[in-house]
file entry-v5.txt (compact mmCIF, C-alpha atoms)
# COMPACT_ATOMS: atom_id res chain seq x y z
CA MET A 1256 170.67 -178.57 166.15
CA SER A 1257 171.41 -174.91 166.77
CA VAL A 1258 172.32 -172.27 164.25
CA VAL A 1259 176.04 -171.55 164.39
CA ILE A 1260 176.38 -168.94 161.68
CA GLU A 1261 173.85 -166.78 159.95
CA ALA A 1262 173.49 -163.94 157.44
CA ARG A 1263 170.47 -161.71 157.90
CA ASP A 1264 169.33 -159.49 155.07
CA VAL A 1265 172.89 -158.78 153.99
CA GLU A 1266 173.64 -156.20 151.30
CA PHE A 1267 177.04 -155.64 149.78
CA SER A 1268 178.22 -153.70 146.73
CA PHE A 1269 181.52 -153.52 144.91
CA GLY A 1270 181.50 -149.78 144.20
CA GLN A 1271 178.26 -149.13 142.33
CA THR A 1272 177.71 -152.79 141.53
CA PRO A 1273 175.48 -154.62 143.99
CA ALA A 1274 176.60 -158.19 144.73
CA LEU A 1275 174.26 -159.09 147.60
CA ARG A 1276 170.74 -157.64 147.83
CA GLY A 1277 169.26 -158.84 151.09
CA ALA A 1278 170.83 -162.29 151.38
CA SER A 1279 169.80 -164.43 154.34
CA VAL A 1280 170.92 -167.91 155.27
CA ALA A 1281 171.32 -169.84 158.53
CA VAL A 1282 173.64 -172.81 158.96
CA GLU A 1283 173.33 -175.32 161.77
CA ALA A 1284 176.23 -176.67 163.80
CA GLY A 1285 177.78 -179.66 162.05
CA GLU A 1286 175.83 -179.04 158.87
CA ILE A 1287 177.44 -179.19 155.44
CA LEU A 1288 175.79 -176.55 153.29
CA ALA A 1289 176.37 -176.13 149.57
CA VAL A 1290 175.98 -172.60 148.24
CA MET A 1291 175.23 -172.82 144.55
CA GLY A 1292 174.48 -170.35 141.82
CA PRO A 1293 175.62 -169.10 138.44
CA SER A 1294 178.81 -167.09 137.98
CA GLY A 1295 178.43 -163.59 139.36
CA SER A 1296 175.38 -164.48 141.44
CA GLY A 1297 177.08 -163.40 144.67
CA LYS A 1298 177.82 -166.80 146.21
CA SER A 1299 181.51 -166.12 146.91
CA THR A 1300 180.67 -162.66 148.22
CA LEU A 1301 178.19 -164.25 150.60
CA LEU A 1302 180.88 -166.68 151.79
CA HIS A 1303 183.33 -163.80 152.31
CA CYS A 1304 180.74 -161.87 154.33
CA LEU A 1305 179.92 -164.93 156.48
CA ALA A 1306 183.65 -165.48 157.08
CA GLY A 1307 184.23 -161.90 158.16
CA ILE A 1308 186.51 -161.19 155.20
CA LEU A 1309 184.08 -158.60 153.81
CA VAL A 1310 181.92 -156.35 155.95
CA PRO A 1311 178.34 -155.99 154.68
CA ASP A 1312 177.03 -152.54 153.76
CA SER A 1313 173.92 -153.44 155.75
CA GLY A 1314 172.42 -156.46 157.46
CA GLU A 1315 173.92 -158.76 160.05
CA ILE A 1316 176.35 -161.65 160.23
CA LEU A 1317 175.99 -163.66 163.43
CA PHE A 1318 178.45 -166.30 164.58
CA ASP A 1319 177.56 -168.08 167.80
CA GLY A 1320 175.20 -165.20 168.42
CA ALA A 1321 177.90 -162.52 168.13
CA GLY A 1322 177.62 -159.79 165.49
CA VAL A 1323 180.59 -160.32 163.16
CA HIS A 1324 179.47 -157.36 161.00
CA ALA A 1325 180.00 -155.02 163.95
CA MET A 1326 183.42 -156.34 165.00
CA ALA A 1327 186.67 -154.44 164.48
CA GLU A 1328 189.10 -155.87 161.93
CA THR A 1329 191.39 -157.24 164.66
CA GLU A 1330 188.48 -159.10 166.22
CA ARG A 1331 187.36 -160.52 162.87
CA SER A 1332 190.94 -161.48 162.15
CA SER A 1333 191.12 -163.46 165.43
CA LEU A 1334 187.85 -165.13 164.57
CA ARG A 1335 189.13 -166.18 161.15
CA ARG A 1336 192.37 -167.44 162.64
CA ASP A 1337 190.99 -169.28 165.68
CA ARG A 1338 187.48 -170.41 164.82
CA PHE A 1339 187.32 -170.63 161.03
CA GLY A 1340 189.18 -172.69 158.45
CA PHE A 1341 189.49 -171.97 154.74
CA VAL A 1342 190.03 -173.94 151.54
CA PHE A 1343 190.15 -172.11 148.23
CA GLN A 1344 190.07 -173.21 144.61
CA PHE A 1345 193.82 -173.10 144.06
CA GLY A 1346 195.05 -174.31 147.44
CA GLN A 1347 197.06 -171.15 147.92
CA LEU A 1348 199.84 -172.87 149.80
CA VAL A 1349 202.82 -170.77 150.81
CA PRO A 1350 205.46 -171.82 148.25
CA GLU A 1351 208.43 -171.15 150.56
CA LEU A 1352 207.14 -173.57 153.19
CA THR A 1353 207.10 -177.37 153.11
CA ALA A 1354 203.75 -179.15 152.96
CA VAL A 1355 203.82 -179.96 156.67
CA GLU A 1356 204.71 -176.37 157.58
CA ASN A 1357 201.79 -175.20 155.44
CA VAL A 1358 199.46 -177.49 157.36
CA ALA A 1359 200.87 -176.33 160.70
CA LEU A 1360 200.53 -172.65 159.76
CA PRO A 1361 197.11 -171.96 161.34
CA LEU A 1362 198.32 -173.49 164.61
CA LEU A 1363 201.56 -171.50 164.57
CA LEU A 1364 199.64 -168.29 163.84
CA SER A 1365 197.38 -169.05 166.79
CA GLY A 1366 200.41 -169.20 169.05
CA VAL A 1367 200.78 -172.98 169.32
CA ARG A 1368 204.47 -173.89 169.74
CA ARG A 1369 206.18 -175.46 166.76
CA LYS A 1370 206.95 -178.57 168.84
CA GLN A 1371 203.24 -179.16 169.38
CA ALA A 1372 202.01 -177.85 166.02
CA LEU A 1373 204.14 -180.02 163.74
CA PRO A 1374 203.09 -183.42 165.17
CA LYS A 1375 199.44 -182.38 164.76
CA ALA A 1376 200.16 -181.37 161.18
CA TYR A 1377 201.96 -184.69 160.53
CA ASP A 1378 198.87 -186.60 161.72
CA TRP A 1379 196.86 -185.16 158.87
CA PHE A 1380 199.19 -186.56 156.23
CA ALA A 1381 198.31 -190.14 157.14
CA ARG A 1382 194.65 -189.22 157.49
CA LEU A 1383 194.42 -187.74 154.00
CA GLY A 1384 196.64 -190.29 152.26
CA LEU A 1385 199.55 -187.87 151.93
CA ASP A 1386 202.23 -190.00 153.60
CA GLY A 1387 205.72 -189.21 152.38
CA LEU A 1388 204.84 -185.77 151.01
CA GLU A 1389 205.47 -183.85 154.23
CA GLN A 1390 208.71 -182.21 153.15
CA ARG A 1391 207.65 -181.31 149.62
CA ARG A 1392 206.98 -177.74 148.59
CA SER A 1393 203.82 -176.76 146.75
CA GLY A 1394 205.57 -176.82 143.37
CA GLU A 1395 206.41 -180.49 143.91
CA LEU A 1396 202.81 -181.55 144.55
CA SER A 1397 200.12 -182.50 142.03
CA GLY A 1398 196.91 -180.46 142.02
CA GLY A 1399 195.06 -183.12 144.02
CA GLN A 1400 197.87 -183.47 146.55
CA ALA A 1401 198.14 -179.69 146.98
CA GLN A 1402 194.40 -179.44 147.54
CA ARG A 1403 194.50 -182.20 150.16
CA VAL A 1404 197.31 -180.33 151.91
CA ALA A 1405 195.14 -177.19 151.76
CA LEU A 1406 192.27 -179.20 153.23
CA ALA A 1407 194.49 -180.42 156.07
CA ARG A 1408 195.54 -176.81 156.69
CA GLY A 1409 191.88 -175.78 156.77
CA LEU A 1410 190.99 -178.42 159.35
CA VAL A 1411 194.13 -178.79 161.49
CA ALA A 1412 193.05 -176.22 164.08
CA GLU A 1413 189.66 -177.95 164.40
CA PRO A 1414 187.70 -174.89 163.30
CA GLN A 1415 184.04 -174.55 164.10
CA VAL A 1416 183.32 -173.56 160.52
CA LEU A 1417 185.22 -174.49 157.37
CA PHE A 1418 184.68 -172.19 154.39
CA ALA A 1419 185.41 -173.93 151.10
CA ASP A 1420 185.23 -171.81 147.95
CA GLU A 1421 185.15 -174.05 144.85
CA PRO A 1422 187.63 -176.42 146.53
CA THR A 1423 187.56 -178.83 143.58
CA GLY A 1424 187.26 -176.25 140.82
CA ALA A 1425 190.81 -176.78 139.58
CA LEU A 1426 190.77 -180.59 139.79
CA ASP A 1427 189.63 -183.32 137.41
CA SER A 1428 186.39 -185.13 138.29
CA LEU A 1429 187.89 -188.15 140.03
CA THR A 1430 190.45 -186.16 142.06
CA GLY A 1431 187.80 -183.59 142.93
CA GLU A 1432 185.51 -186.27 144.29
CA GLN A 1433 188.33 -187.83 146.29
CA VAL A 1434 189.00 -184.42 147.87
CA MET A 1435 185.30 -183.99 148.64
CA ASP A 1436 185.09 -187.46 150.14
CA LEU A 1437 187.99 -186.62 152.46
CA LEU A 1438 186.59 -183.19 153.26
CA VAL A 1439 183.17 -184.53 154.20
CA GLY A 1440 184.63 -187.47 156.14
CA ALA A 1441 187.00 -185.29 158.16
CA ALA A 1442 184.43 -182.57 158.80
CA ARG A 1443 181.85 -185.06 160.05
CA GLU A 1444 184.45 -186.75 162.23
CA GLN A 1445 185.28 -183.56 164.06
CA GLY A 1446 181.82 -181.99 163.85
CA THR A 1447 182.95 -179.06 161.74
CA THR A 1448 180.28 -177.02 159.98
CA VAL A 1449 181.12 -176.61 156.30
CA ILE A 1450 179.99 -173.85 153.95
CA LEU A 1451 180.85 -175.01 150.47
CA VAL A 1452 180.59 -172.72 147.47
CA THR A 1453 180.32 -174.66 144.24
CA HIS A 1454 178.62 -174.47 140.87
CA GLU A 1455 178.99 -178.22 140.33
CA PRO A 1456 175.93 -180.30 141.29
CA ARG A 1457 178.01 -183.45 141.83
CA ILE A 1458 180.10 -181.59 144.40
CA ALA A 1459 177.03 -180.02 146.01
CA ALA A 1460 175.61 -183.52 146.38
CA TYR A 1461 178.18 -184.17 149.12
CA ALA A 1462 176.44 -181.56 151.28
CA ASP A 1463 173.45 -182.07 153.56
CA ARG A 1464 171.52 -179.26 151.90
CA GLU A 1465 171.94 -176.68 149.21
CA VAL A 1466 170.86 -173.08 148.76
CA MET A 1467 170.84 -171.18 145.49
CA VAL A 1468 172.15 -167.65 145.23
CA ARG A 1469 170.62 -165.72 142.38
CA ASP A 1470 170.95 -161.99 141.78
CA GLY A 1471 172.39 -161.50 145.24
CA ARG A 1472 169.57 -163.24 147.09
CA VAL A 1473 169.45 -166.66 148.69
CA ASN A 1474 166.84 -169.11 147.63
CA ALA A 1475 166.50 -172.34 149.60
CA PRO A 1476 164.88 -174.75 147.15
CA ASP A 1477 164.61 -177.53 149.72
CA ARG A 1478 162.26 -175.36 151.65
CA ILE A 1479 160.27 -174.32 148.60
CA ALA A 1480 159.80 -177.95 147.65
CA SER A 1481 158.68 -179.12 151.04
CA MET B 734 169.11 -204.48 131.67
CA SER B 735 168.87 -207.47 129.31
CA VAL B 736 168.62 -210.54 131.52
CA PRO B 737 169.25 -213.13 128.75
CA LEU B 738 172.35 -211.33 127.48
CA THR B 739 173.68 -210.74 130.98
CA LEU B 740 173.27 -214.42 131.84
CA LEU B 741 174.95 -215.35 128.56
CA GLY B 742 177.81 -213.01 129.46
CA LEU B 743 178.17 -214.66 132.85
CA LEU B 744 178.23 -218.06 131.13
CA GLU B 745 180.96 -216.91 128.78
CA ARG B 746 183.09 -216.35 131.88
CA GLU B 747 182.63 -219.96 132.99
CA PRO B 748 180.06 -222.77 132.76
CA SER B 749 177.67 -222.41 135.69
CA HIS B 750 174.59 -223.78 137.39
CA GLY B 751 171.42 -221.72 137.48
CA TYR B 752 171.92 -221.09 141.17
CA ASP B 753 175.41 -219.63 140.61
CA LEU B 754 174.15 -217.46 137.78
CA LYS B 755 171.39 -216.05 139.96
CA ARG B 756 173.87 -215.37 142.78
CA ASP B 757 176.29 -213.51 140.50
CA TYR B 758 173.51 -211.63 138.72
CA ASP B 759 172.07 -210.44 142.04
CA ALA B 760 175.52 -209.47 143.35
CA PHE B 761 176.63 -207.43 140.35
CA PHE B 762 173.49 -206.40 138.49
CA GLY B 763 170.49 -206.89 140.77
CA ARG B 764 170.89 -203.68 142.79
CA GLY B 765 168.30 -204.68 145.34
CA LYS B 766 166.05 -206.40 142.78
CA PRO B 767 166.99 -210.09 142.91
CA LEU B 768 166.26 -212.16 139.84
CA PRO B 769 163.53 -214.72 140.63
CA PHE B 770 164.67 -218.34 140.25
CA GLY B 771 161.75 -218.93 137.89
CA GLN B 772 163.04 -216.25 135.55
CA VAL B 773 166.56 -217.67 135.65
CA TYR B 774 165.44 -221.13 134.61
CA SER B 775 162.89 -219.97 132.04
CA THR B 776 165.56 -217.75 130.48
CA LEU B 777 168.08 -220.61 130.42
CA SER B 778 165.46 -222.89 128.79
CA ARG B 779 164.87 -220.32 126.05
CA LEU B 780 168.60 -219.87 125.52
CA ALA B 781 168.97 -223.66 125.25
CA ARG B 782 166.03 -223.87 122.81
CA ASP B 783 167.69 -221.19 120.64
CA GLY B 784 171.02 -223.02 120.68
CA LYS B 785 172.85 -220.36 122.66
CA VAL B 786 173.61 -222.61 125.63
CA VAL B 787 173.79 -226.39 126.14
CA ILE B 788 173.55 -228.48 129.28
CA SER B 789 176.90 -230.07 129.95
CA ASP B 790 176.03 -232.35 132.83
CA VAL B 791 173.32 -233.02 135.35
CA ALA B 792 174.16 -233.66 138.98
CA PRO B 793 171.43 -235.35 141.00
CA GLY B 794 170.65 -233.68 144.32
CA ALA B 795 168.13 -233.73 147.13
CA GLY B 796 165.87 -231.37 145.15
CA PRO B 797 165.70 -230.90 141.42
CA ASP B 798 168.71 -232.04 139.36
CA ARG B 799 171.46 -229.44 139.05
CA LYS B 800 172.15 -228.64 135.42
CA ARG B 801 175.39 -227.03 134.37
CA TYR B 802 175.11 -224.71 131.39
CA ILE B 803 177.78 -223.96 128.79
CA ILE B 804 177.63 -221.15 126.26
CA THR B 805 177.72 -222.20 122.58
CA ASP B 806 179.48 -220.43 119.69
CA VAL B 807 176.12 -218.91 118.72
CA GLY B 808 175.69 -217.58 122.25
CA ALA B 809 179.25 -216.27 122.42
CA THR B 810 178.80 -214.47 119.09
CA GLU B 811 175.66 -212.82 120.41
CA VAL B 812 177.45 -211.64 123.55
CA GLU B 813 180.30 -210.32 121.42
CA GLN B 814 177.91 -208.40 119.17
CA TRP B 815 176.01 -207.00 122.13
CA LEU B 816 179.17 -205.82 123.88
CA THR B 817 180.67 -204.17 120.82
CA GLN B 818 177.51 -202.39 119.61
CA PRO B 819 176.96 -198.96 121.14
CA VAL B 820 173.82 -198.48 123.17
CA ASP B 821 171.36 -196.17 121.43
CA PRO B 822 171.72 -192.70 122.93
CA GLU B 823 168.32 -192.11 124.45
CA PRO B 824 166.86 -188.81 123.27
CA HIS B 825 164.92 -188.04 126.44
CA LEU B 826 164.51 -184.41 125.43
CA GLN B 827 163.15 -183.83 128.93
CA THR B 828 159.66 -184.30 127.55
CA VAL B 829 157.72 -184.03 130.80
CA LEU B 830 159.75 -181.22 132.25
CA PHE B 831 159.89 -179.44 128.91
CA ALA B 832 156.10 -179.62 128.61
CA LYS B 833 155.70 -178.34 132.18
CA VAL B 834 157.95 -175.35 131.57
CA VAL B 835 156.31 -174.35 128.30
CA LEU B 836 152.81 -174.79 129.73
CA ALA B 837 153.74 -172.86 132.87
CA LEU B 838 154.89 -169.96 130.71
CA MET B 839 151.78 -170.14 128.53
CA LEU B 840 149.57 -170.13 131.61
CA ASP B 841 151.60 -167.38 133.29
CA ARG B 842 152.55 -169.67 136.16
CA PRO B 843 155.86 -169.42 138.06
CA ALA B 844 158.04 -171.55 135.80
CA ALA B 845 161.22 -170.53 137.65
CA GLU B 846 159.80 -171.93 140.88
CA TYR B 847 158.90 -175.18 139.15
CA LEU B 848 162.47 -175.45 137.91
CA ASP B 849 163.75 -174.72 141.44
CA THR B 850 161.57 -177.53 142.79
CA GLN B 851 162.85 -179.88 140.11
CA ARG B 852 166.45 -178.88 140.82
CA SER B 853 165.89 -179.59 144.47
CA ALA B 854 164.44 -183.03 143.70
CA HIS B 855 167.38 -183.82 141.43
CA LEU B 856 169.89 -182.73 144.05
CA ARG B 857 168.13 -184.78 146.71
CA ARG B 858 168.49 -187.86 144.53
CA MET B 859 172.11 -186.95 143.83
CA ARG B 860 172.78 -186.78 147.57
CA GLU B 861 171.31 -190.27 147.98
CA LEU B 862 173.49 -191.61 145.17
CA THR B 863 176.56 -189.86 146.59
CA GLU B 864 175.93 -191.52 149.94
CA ILE B 865 175.64 -194.91 148.21
CA LYS B 866 178.91 -194.13 146.46
CA ARG B 867 180.68 -193.16 149.68
CA ALA B 868 179.44 -196.13 151.67
CA GLY B 869 179.41 -198.84 149.03
CA SER B 870 181.79 -200.90 146.91
CA LEU B 871 183.44 -199.77 143.69
CA VAL B 872 180.66 -201.52 141.76
CA ASP B 873 178.10 -199.47 143.68
CA ALA B 874 180.13 -196.32 143.00
CA LEU B 875 180.22 -197.06 139.27
CA LEU B 876 176.47 -197.47 139.12
CA ALA B 877 175.86 -194.42 141.30
CA ASP B 878 178.17 -192.36 139.07
CA HIS B 879 176.14 -193.33 136.03
CA GLY B 880 173.03 -191.96 137.69
CA LEU B 881 174.85 -188.89 138.99
CA TYR B 882 176.18 -187.87 135.59
CA HIS B 883 172.75 -188.23 134.00
CA LEU B 884 171.14 -186.18 136.74
CA GLU B 885 173.86 -183.59 136.34
CA ALA B 886 173.08 -183.35 132.63
CA ASP B 887 169.43 -182.72 133.50
CA LEU B 888 170.50 -180.02 135.93
CA ARG B 889 172.51 -178.28 133.23
CA TRP B 890 169.39 -178.26 131.10
CA ILE B 891 167.42 -176.84 134.03
CA GLU B 892 170.02 -174.07 134.52
CA MET B 893 170.07 -173.22 130.85
CA THR B 894 166.29 -173.18 130.67
CA GLY B 895 166.09 -171.03 133.79
CA ALA B 896 168.40 -168.50 132.18
CA ARG B 897 166.25 -168.44 129.03
CA LEU B 898 162.82 -168.20 130.64
CA ASP B 899 162.25 -164.56 129.70
CA ALA B 900 163.07 -165.18 126.06
CA LEU B 901 161.03 -168.39 126.05
CA ARG B 902 158.07 -166.59 127.59
CA LYS B 903 158.06 -164.11 124.69
CA GLU B 904 158.11 -166.97 122.22
CA VAL B 905 155.23 -168.97 123.70
CA ARG B 906 153.11 -165.95 124.70
CA PRO B 907 153.41 -163.65 121.72

call {"tool": "encode", "arguments": {"input": "entry-v5.txt", "output": "structure tokens"}}
result
Amino acid sequence: MSVVIEARDVEFSFGQTPALRGASVAVEAGEILAVMGPSGSGKSTLLHCLAGILVPDSGEILFDGAGVHAMAETERSSLRRDRFGFVFQFGQLVPELTAVENVALPLLLSGVRRKQALPKAYDWFARLGLDGLEQRRSGELSGGQAQRVALARGLVAEPQVLFADEPTGALDSLTGEQVMDLLVGAAREQGTTVILVTHEPRIAAYADREVMVRDGRVNAPDRIAS
Amino acid sequence: MSVPLTLLGLLEREPSHGYDLKRDYDAFFGRGKPLPFGQVYSTLSRLARDGKVVISDVAPGAGPDRKRYIITDVGATEVEQWLTQPVDPEPHLQTVLFAKVVLALMLDRPAAEYLDTQRSAHLRRMRELTEIKRAGSLVDALLADHGLYHLEADLRWIEMTGARLDALRKEVRP
């Protein structure tokens, strides 16, 4: 397997407060990596740097060998739109759009015609057990349904990397595990690399491997133990 | 797992032959460790001796006679008591891991690294159980969940201990 995305010695501060202090991690293509750590450890900041949302103060972010840290905002924006998918803790669906329009959004933003985008979006409803909910708006969905719609939106454009930041954090245990089961199943099916930020061990256990972020540094316990 | 009580419970469901009891035990409770036939029949003999089951009929066969067992009122009462009594909460207190952490601090060894290694081992086991849960039946999932929640509780202890190492170090190395 080859490394698809990597952080090398990344430092990032919010004003005077350091969040990452030399964080390094490499993720292989198709791998599902759990990024764990206590609150405030820097795990979400690391995810945002890897995804090109934040630009590190120093260090490198490499995606497919290209330096994301050195790209202009427009270039990083294209990368996020065309190559990455995102799922956040609270779904963050657009309330004015129907569920199926929310799922189709990444395709529409990438320039796919509505006529082609919507059927692709519809496919995901059957796949994730969301049949019949296509025309609902986010306010008419339960937390678990909304998160599955968000998952479909994250995967519809077949991204190379899916970034999931506490995707089950707002769900009860059973619903959270159902979402994770679907996420892992769909990601494996289409070979998507997943970077999953979570503080819940049971959710991290769905990943192939975990790393711990502590005080802004990445610790890979699997490698310590071996 | 109490084999006699589990077999009694299966007999409360319906009168059964030893072979059927073994089959159902292995399917629902064996988890890869089948119950030996010898243990099934010795257990049934003891239950019969103690008046908890009786033999209802004997069907002759090519091999040994097939005995059908029925649970008695005494047996049913025991099953009822067993099911309704809570299981003793086991106060593990993480004795081995606790001793390792305290000793590591006393000996000025890297306790945090030991905890990291333990966390990693726990998560590895949790991944295995999660895979069993994803691939298996609902019964498998239920059993895997039991293990997962216990491991998760251990991990919480590991996290909490990791966060308290500095304070603990001062206490054990005054």

call {"tool": "atom_distance", "arguments": {"input": "entry-v5.txt", "atom1": "atom CA of Leu884 of chain B", "atom2": "atom CA of Glu846 of chain B"}}
result
18.7 Å

call {"tool": "residues_near_point", "arguments": {"input": "entry-v5.txt", "point": "(176.6, -209.4, 122.4)", "cutoff": "12 Å", "atoms": "only C-alpha atoms", "output": "ChimeraX atom specification"}}
result
/B:735,737-743,745,785,806-820

call {"tool": "residues_near_point", "arguments": {"input": "entry-v5.txt", "point": "(170.4, -171.8, 143.5)", "cutoff": "12 Å", "atoms": "only C-alpha atoms", "output": "mmCIF file with C-alpha atoms, in the frame of the given file"}}
result
data_model
loop_
_atom_site.group_PDB
_atom_site.id
_atom_site.type_symbol
_atom_site.label_atom_id
_atom_site.label_comp_id
_atom_site.auth_asym_id
_atom_site.auth_seq_id
_atom_site.Cartn_x
_atom_site.Cartn_y
_atom_site.Cartn_z
ATOM 1 C CA ALA A 1289 176.370 -176.130 149.570
ATOM 2 C CA VAL A 1290 175.980 -172.600 148.240
ATOM 3 C CA MET A 1291 175.230 -172.820 144.550
ATOM 4 C CA GLY A 1292 174.480 -170.350 141.820
ATOM 5 C CA PRO A 1293 175.620 -169.100 138.440
ATOM 6 C CA SER A 1294 178.810 -167.090 137.980
ATOM 7 C CA SER A 1296 175.380 -164.480 141.440
ATOM 8 C CA GLY A 1297 177.080 -163.400 144.670
ATOM 9 C CA LYS A 1298 177.820 -166.800 146.210
ATOM 10 C CA VAL A 1452 180.590 -172.720 147.470
ATOM 11 C CA THR A 1453 180.320 -174.660 144.240
ATOM 12 C CA HIS A 1454 178.620 -174.470 140.870
ATOM 13 C CA GLU A 1455 178.990 -178.220 140.330
ATOM 14 C CA PRO A 1456 175.930 -180.300 141.290
ATOM 15 C CA ALA A 1459 177.030 -180.020 146.010
ATOM 16 C CA ARG A 1464 171.520 -179.260 151.900
ATOM 17 C CA GLU A 1465 171.940 -176.680 149.210
ATOM 18 C CA VAL A 1466 170.860 -173.080 148.760
ATOM 19 C CA MET A 1467 170.840 -171.180 145.490
ATOM 20 C CA VAL A 1468 172.150 -167.650 145.230
ATOM 21 C CA ARG A 1469 170.620 -165.720 142.380
ATOM 22 C CA ASP A 1470 170.950 -161.990 141.780
ATOM 23 C CA GLY A 1471 172.390 -161.500 145.240
ATOM 24 C CA ARG A 1472 169.570 -163.240 147.090
ATOM 25 C CA VAL A 1473 169.450 -166.660 148.690
ATOM 26 C CA ASN A 1474 166.840 -169.110 147.630
ATOM 27 C CA ALA A 1475 166.500 -172.340 149.600
ATOM 28 C CA PRO A 1476 164.880 -174.750 147.150
ATOM 29 C CA ASP A 1477 164.610 -177.530 149.720
ATOM 30 C CA ILE A 1479 160.270 -174.320 148.600
ATOM 31 C CA ALA B 845 161.220 -170.530 137.650
ATOM 32 C CA GLU B 846 159.800 -171.930 140.880
ATOM 33 C CA LEU B 848 162.470 -175.450 137.910
ATOM 34 C CA ASP B 849 163.750 -174.720 141.440
ATOM 35 C CA THR B 850 161.570 -177.530 142.790
ATOM 36 C CA GLN B 851 162.850 -179.880 140.110
ATOM 37 C CA ARG B 852 166.450 -178.880 140.820
ATOM 38 C CA SER B 853 165.890 -179.590 144.470
ATOM 39 C CA LEU B 856 169.890 -182.730 144.050
ATOM 40 C CA LEU B 888 170.500 -180.020 135.930
ATOM 41 C CA ILE B 891 167.420 -176.840 134.030
ATOM 42 C CA GLU B 892 170.020 -174.070 134.520
ATOM 43 C CA GLY B 895 166.090 -171.030 133.790
ATOM 44 C CA ALA B 896 168.400 -168.500 132.180
#

call {"tool": "residues_around", "arguments": {"input": "entry-v5.txt", "residues": "His1303 of chain A", "least_positions_apart": "3", "cutoff": "12 Å", "atoms": "all atoms listed in the file", "output": "ChimeraX atom specification"}}
result
/A:1262,1265,1267,1274-1275,1297-1300,1306-1311,1316,1323-1324,1331,1335,1339,1341,1343,1417-1420,1450-1452

call {"tool": "atom_distance", "arguments": {"input": "entry-v5.txt", "atom1": "atom CA of Glu1421 of chain A", "atom2": "atom CA of Ile1458 of chain A"}}
result
9.1 Å

call {"tool": "residues_around", "arguments": {"input": "entry-v5.txt", "residues": "Leu1317 of chain A", "least_positions_apart": "2", "cutoff": "8 Å", "atoms": "all atoms listed in the file", "output": "NGL selection string"}}
result
:A and (1259-1262 or 1315 or 1319-1324)

call {"tool": "residues_around", "arguments": {"input": "entry-v5.txt", "residues": "Leu830 of chain B", "least_positions_apart": "3", "cutoff": "10 Å", "atoms": "all atoms listed in the file", "output": "PDB file with C-alpha atoms, keeping the file's coordinate frame"}}
result
ATOM      1  CA  LEU B 826     164.510-184.410 125.430  1.00  0.00           C
ATOM      2  CA  GLN B 827     163.150-183.830 128.930  1.00  0.00           C
ATOM      3  CA  LYS B 833     155.700-178.340 132.180  1.00  0.00           C
ATOM      4  CA  VAL B 834     157.950-175.350 131.570  1.00  0.00           C
ATOM      5  CA  VAL B 835     156.310-174.350 128.300  1.00  0.00           C
ATOM      6  CA  LEU B 836     152.810-174.790 129.730  1.00  0.00           C
ATOM      7  CA  TYR B 847     158.900-175.180 139.150  1.00  0.00           C
ATOM      8  CA  LEU B 848     162.470-175.450 137.910  1.00  0.00           C
ATOM      9  CA  GLN B 851     162.850-179.880 140.110  1.00  0.00           C
ATOM     10  CA  ASP B 887     169.430-182.720 133.500  1.00  0.00           C
ATOM     11  CA  ILE B 891     167.420-176.840 134.030  1.00  0.00           C
TER      12      ILE B 891
END
